[in-house]
Amino acid sequence: MRILVTGTAGFIGNALALRLLERGDEVIGVDIVNDYYDPRIKEDRLARIKHHPGFTELRIALEDRAAMERAFAEHRPQRVVNLAAQAGVRYSLQNPHAYIESNIVGFMNVLEGCRHNQVEHLVYASSSSVYGAHTKMPFSVHHNVDHPVSLYAASKKSNELMAHTYSHLYNLPTTGLRFFTVYGPWGRPDMALFIFTRKILAGEPIDVFNHGKHKRDFTYIDDIVEGVIRTLDKVPESNPQWNSDDPDPATSRAPYRLYNIGNNQPVELMYFIEVLEDCLGKKAVKNFLPLQPGDVPATYADIDALQHDVGFRPDTPIEDGIARFVAWYKDYYSVK
């Protein structure tokens, strides 16, 4: 298939593009390669795919309406995966406008491109952040999520609502994927695993928020990519049992679906750090801090819908995933 993937210089988008190219798909890659974090790693990720004969690179921003219209009109993708976004909960407190421009305006341009160019299926990244401070565990796509606690989360919930509108009005099949704390080789330098590794190796203290009592459903990158591909290949249909008197948020009478992609095994932050220390062979100097604004104490994915519909459950143990990340990090940064 010809698939337009946004965010191909990003962590998940790049890994997905590589897998799609390897299986024989044609990939139209959209990424502006901004400087939210070190552009060098973005360029190095792109170097893994840019010379593949099936890859076409477009350096444009999602919020550039004219450029996005041209991209869709010229390349006519059959399916679209939208992974480009302004990410990060804490950064949304510092620069909220970036989230509206990329995650709302940019996503609108993606939806319009799909609508006007007969795209068969749009898959887009949502986030576990939409669950806010929910205490009912595990988080289910059938739960109501109308109380986000960060603008980042609100922008992702907005994406789900916008997608449903286009599924309803224009019969555009859409699938939203709520990712749970993705990690692994080629990961984002602004994420905890990357920051902790760099600081521990340098002998610098690490900030441990919520006094290490955080629990996260850490999900390995290969499992995320497998989940994206499985759902991309399954075009959603109307749910004939959907009932407006007892509405299911995860489905609709429109061709619309939501799925969690998480490891289904929450890990406490202190254990996460212990595993990293073992892999590095070095102890961390810890600076314990309270819960940060916009953050949540725990995430835990119910993945029954994912398993039922596409037959997949993420299952990479945290010990294996961190070990692979550390091996990659030492190689990439030439650490002895």
# chains A, B, ... in the order shown; residues from 1 in each chain; ligands from 1
>>> closest_atom_pairs(of="segment 280-330 of chain A", to="segment 205-229 of chain A", cutoff="6 Å", atoms="only C-alpha atoms", output="tab-separated table")
residue	atom	partner	partner_atom	distance
A:Val285	CA	A:Pro205	CA	4.5
A:Lys286	CA	A:Ile206	CA	5.1
A:Asn287	CA	A:Asp207	CA	4.8
A:Phe288	CA	A:Val208	CA	4.8
A:Leu289	CA	A:Phe209	CA	4.7
A:Pro290	CA	A:Asn210	CA	4.4
A:Leu291	CA	A:Asn210	CA	4.2
A:Pro297	CA	A:His214	CA	5.0
A:Ala298	CA	A:Lys215	CA	4.5
A:Thr299	CA	A:Arg216	CA	5.0
A:Tyr300	CA	A:Asp217	CA	5.3
A:Pro314	CA	A:Asp223	CA	5.1
>>> write_last_selection(atoms="N, CA, C and O atoms", output="PDB file, in the first residue's frame")
ATOM      1  N   VAL A 285      22.345   8.587  41.765  1.00  0.00           N
ATOM      2  CA  VAL A 285      22.170   9.525  42.868  1.00  0.00           C
ATOM      3  C   VAL A 285      20.780  10.127  42.686  1.00  0.00           C
ATOM      4  O   VAL A 285      20.500  10.768  41.669  1.00  0.00           O
ATOM      5  N   LYS A 286      19.897   9.892  43.666  1.00  0.00           N
ATOM      6  CA  LYS A 286      18.478  10.220  43.476  1.00  0.00           C
ATOM      7  C   LYS A 286      18.078  11.490  44.227  1.00  0.00           C
ATOM      8  O   LYS A 286      18.387  11.641  45.406  1.00  0.00           O
ATOM      9  N   ASN A 287      17.364  12.350  43.518  1.00  0.00           N
ATOM     10  CA  ASN A 287      16.800  13.565  44.093  1.00  0.00           C
ATOM     11  C   ASN A 287      15.287  13.397  44.132  1.00  0.00           C
ATOM     12  O   ASN A 287      14.611  13.575  43.120  1.00  0.00           O
ATOM     13  N   PHE A 288      14.730  13.038  45.286  1.00  0.00           N
ATOM     14  CA  PHE A 288      13.305  12.737  45.392  1.00  0.00           C
ATOM     15  C   PHE A 288      12.482  14.019  45.437  1.00  0.00           C
ATOM     16  O   PHE A 288      12.776  14.944  46.200  1.00  0.00           O
ATOM     17  N   LEU A 289      11.426  14.050  44.607  1.00  0.00           N
ATOM     18  CA  LEU A 289      10.592  15.243  44.471  1.00  0.00           C
ATOM     19  C   LEU A 289       9.116  14.844  44.489  1.00  0.00           C
ATOM     20  O   LEU A 289       8.773  13.690  44.217  1.00  0.00           O
ATOM     21  N   PRO A 290       8.213  15.796  44.777  1.00  0.00           N
ATOM     22  CA  PRO A 290       6.778  15.485  44.778  1.00  0.00           C
ATOM     23  C   PRO A 290       6.221  15.333  43.363  1.00  0.00           C
ATOM     24  O   PRO A 290       6.901  15.609  42.376  1.00  0.00           O
ATOM     25  N   LEU A 291       4.969  14.910  43.288  1.00  0.00           N
ATOM     26  CA  LEU A 291       4.272  14.789  42.013  1.00  0.00           C
ATOM     27  C   LEU A 291       4.220  16.151  41.327  1.00  0.00           C
ATOM     28  O   LEU A 291       3.951  17.167  41.958  1.00  0.00           O
ATOM     29  N   PRO A 297      -0.302   9.647  38.948  1.00  0.00           N
ATOM     30  CA  PRO A 297       0.483   8.697  39.749  1.00  0.00           C
ATOM     31  C   PRO A 297       0.648   7.322  39.126  1.00  0.00           C
ATOM     32  O   PRO A 297       1.616   6.629  39.410  1.00  0.00           O
ATOM     33  N   ALA A 298      -0.288   6.917  38.256  1.00  0.00           N
ATOM     34  CA  ALA A 298      -0.204   5.557  37.706  1.00  0.00           C
ATOM     35  C   ALA A 298      -0.907   5.456  36.363  1.00  0.00           C
ATOM     36  O   ALA A 298      -1.871   6.178  36.090  1.00  0.00           O
ATOM     37  N   THR A 299      -0.399   4.560  35.516  1.00  0.00           N
ATOM     38  CA  THR A 299      -1.084   4.181  34.274  1.00  0.00           C
ATOM     39  C   THR A 299      -1.077   2.661  34.161  1.00  0.00           C
ATOM     40  O   THR A 299      -0.122   2.000  34.579  1.00  0.00           O
ATOM     41  N   TYR A 300      -2.148   2.120  33.590  1.00  0.00           N
ATOM     42  CA  TYR A 300      -2.305   0.666  33.507  1.00  0.00           C
ATOM     43  C   TYR A 300      -3.320   0.391  32.401  1.00  0.00           C
ATOM     44  O   TYR A 300      -4.477   0.766  32.501  1.00  0.00           O
ATOM     45  N   PRO A 314       0.980  -6.734  23.762  1.00  0.00           N
ATOM     46  CA  PRO A 314       2.381  -6.415  24.030  1.00  0.00           C
ATOM     47  C   PRO A 314       2.895  -7.260  25.199  1.00  0.00           C
ATOM     48  O   PRO A 314       2.156  -7.490  26.168  1.00  0.00           O
TER      49      PRO A 314
END
>>> select_by_dssp(residues="segment 113-149 of chain A", states="helix (DSSP H, G or I)", output="list in words")
Gly113, Cys114, Arg115, His116, Ser128, Ser129, Val130 and Tyr131 of chain A
>>> residues_around(residues="Trp242 of chain A", least_positions_apart="5", cutoff="9 Å", atoms="only C-alpha atoms", output="list in words")
Pro247, Asp248, Thr251, Ser252 and Arg253 of chain A
>>> write_last_selection(atoms="N, CA, C and O atoms", output="mmCIF file, in the first residue's frame")
data_model
loop_
_atom_site.group_PDB
_atom_site.id
_atom_site.type_symbol
_atom_site.label_atom_id
_atom_site.label_comp_id
_atom_site.auth_asym_id
_atom_site.auth_seq_id
_atom_site.Cartn_x
_atom_site.Cartn_y
_atom_site.Cartn_z
ATOM 1 N N PRO A 247 -23.863 4.709 25.835
ATOM 2 C CA PRO A 247 -22.853 4.812 24.772
ATOM 3 C C PRO A 247 -21.489 4.250 25.162
ATOM 4 O O PRO A 247 -20.989 4.516 26.256
ATOM 5 N N ASP A 248 -20.926 3.491 24.257
ATOM 6 C CA ASP A 248 -19.571 2.951 24.426
ATOM 7 C C ASP A 248 -18.592 3.942 23.804
ATOM 8 O O ASP A 248 -18.614 4.135 22.586
ATOM 9 N N THR A 251 -16.360 2.742 20.580
ATOM 10 C CA THR A 251 -16.916 2.371 19.279
ATOM 11 C C THR A 251 -18.013 3.369 18.918
ATOM 12 O O THR A 251 -18.245 4.341 19.628
ATOM 13 N N SER A 252 -18.702 3.102 17.809
ATOM 14 C CA SER A 252 -19.706 4.043 17.341
ATOM 15 C C SER A 252 -20.545 3.395 16.244
ATOM 16 O O SER A 252 -20.178 2.346 15.711
ATOM 17 N N ARG A 253 -21.628 4.052 15.894
ATOM 18 C CA ARG A 253 -22.328 3.653 14.680
ATOM 19 C C ARG A 253 -21.517 4.047 13.453
ATOM 20 O O ARG A 253 -21.734 3.547 12.357
#
>>> select_by_dssp(residues="segment 62-156 of chain A", states="strand (DSSP E)", output="list in words")
Arg79, Val80, Val81, Asn82, His121, Leu122, Val123, Tyr124, Ala125, Ser126 and Ser127 of chain A
>>> write_last_selection(atoms="N, CA, C and O atoms", output="PDB file, in the first residue's frame")
ATOM      1  N   ARG A  79      -3.735   4.891   2.824  1.00  0.00           N
ATOM      2  CA  ARG A  79      -3.953   4.924   4.281  1.00  0.00           C
ATOM      3  C   ARG A  79      -2.999   5.935   4.905  1.00  0.00           C
ATOM      4  O   ARG A  79      -1.967   6.274   4.323  1.00  0.00           O
ATOM      5  N   VAL A  80      -3.352   6.391   6.098  1.00  0.00           N
ATOM      6  CA  VAL A  80      -2.570   7.431   6.778  1.00  0.00           C
ATOM      7  C   VAL A  80      -2.369   7.041   8.242  1.00  0.00           C
ATOM      8  O   VAL A  80      -3.310   6.556   8.891  1.00  0.00           O
ATOM      9  N   VAL A  81      -1.144   7.250   8.731  1.00  0.00           N
ATOM     10  CA  VAL A  81      -0.863   7.080  10.160  1.00  0.00           C
ATOM     11  C   VAL A  81      -0.314   8.406  10.676  1.00  0.00           C
ATOM     12  O   VAL A  81       0.772   8.835  10.262  1.00  0.00           O
ATOM     13  N   ASN A  82      -1.054   9.054  11.559  1.00  0.00           N
ATOM     14  CA  ASN A  82      -0.632  10.351  12.090  1.00  0.00           C
ATOM     15  C   ASN A  82       0.035  10.163  13.459  1.00  0.00           C
ATOM     16  O   ASN A  82      -0.638   9.909  14.467  1.00  0.00           O
ATOM     17  N   HIS A 121      -8.338   4.593   5.429  1.00  0.00           N
ATOM     18  CA  HIS A 121      -8.261   4.381   6.876  1.00  0.00           C
ATOM     19  C   HIS A 121      -7.242   5.355   7.464  1.00  0.00           C
ATOM     20  O   HIS A 121      -6.114   5.454   6.965  1.00  0.00           O
ATOM     21  N   LEU A 122      -7.632   6.059   8.508  1.00  0.00           N
ATOM     22  CA  LEU A 122      -6.720   6.922   9.259  1.00  0.00           C
ATOM     23  C   LEU A 122      -6.492   6.324  10.636  1.00  0.00           C
ATOM     24  O   LEU A 122      -7.442   6.097  11.399  1.00  0.00           O
ATOM     25  N   VAL A 123      -5.230   6.057  10.950  1.00  0.00           N
ATOM     26  CA  VAL A 123      -4.821   5.642  12.293  1.00  0.00           C
ATOM     27  C   VAL A 123      -4.050   6.806  12.903  1.00  0.00           C
ATOM     28  O   VAL A 123      -3.206   7.410  12.232  1.00  0.00           O
ATOM     29  N   TYR A 124      -4.334   7.139  14.158  1.00  0.00           N
ATOM     30  CA  TYR A 124      -3.684   8.305  14.752  1.00  0.00           C
ATOM     31  C   TYR A 124      -3.303   8.016  16.205  1.00  0.00           C
ATOM     32  O   TYR A 124      -3.941   7.202  16.886  1.00  0.00           O
ATOM     33  N   ALA A 125      -2.259   8.702  16.642  1.00  0.00           N
ATOM     34  CA  ALA A 125      -1.777   8.530  18.004  1.00  0.00           C
ATOM     35  C   ALA A 125      -2.604   9.355  18.970  1.00  0.00           C
ATOM     36  O   ALA A 125      -2.715  10.569  18.840  1.00  0.00           O
ATOM     37  N   SER A 126      -3.182   8.674  19.941  1.00  0.00           N
ATOM     38  CA  SER A 126      -3.718   9.339  21.125  1.00  0.00           C
ATOM     39  C   SER A 126      -2.710   9.067  22.250  1.00  0.00           C
ATOM     40  O   SER A 126      -1.527   8.888  21.983  1.00  0.00           O
ATOM     41  N   SER A 127      -3.142   9.026  23.478  1.00  0.00           N
ATOM     42  CA  SER A 127      -2.193   8.869  24.585  1.00  0.00           C
ATOM     43  C   SER A 127      -2.899   8.362  25.830  1.00  0.00           C
ATOM     44  O   SER A 127      -4.085   8.655  26.054  1.00  0.00           O
TER      45      SER A 127
END
>>> residues_around(residues="segment 302-305 of chain A", least_positions_apart="3", cutoff="8 Å", atoms="only C-alpha atoms", output="NGL selection string")
:A and (138-141 or 259-262 or 264 or 308-309 or 313)
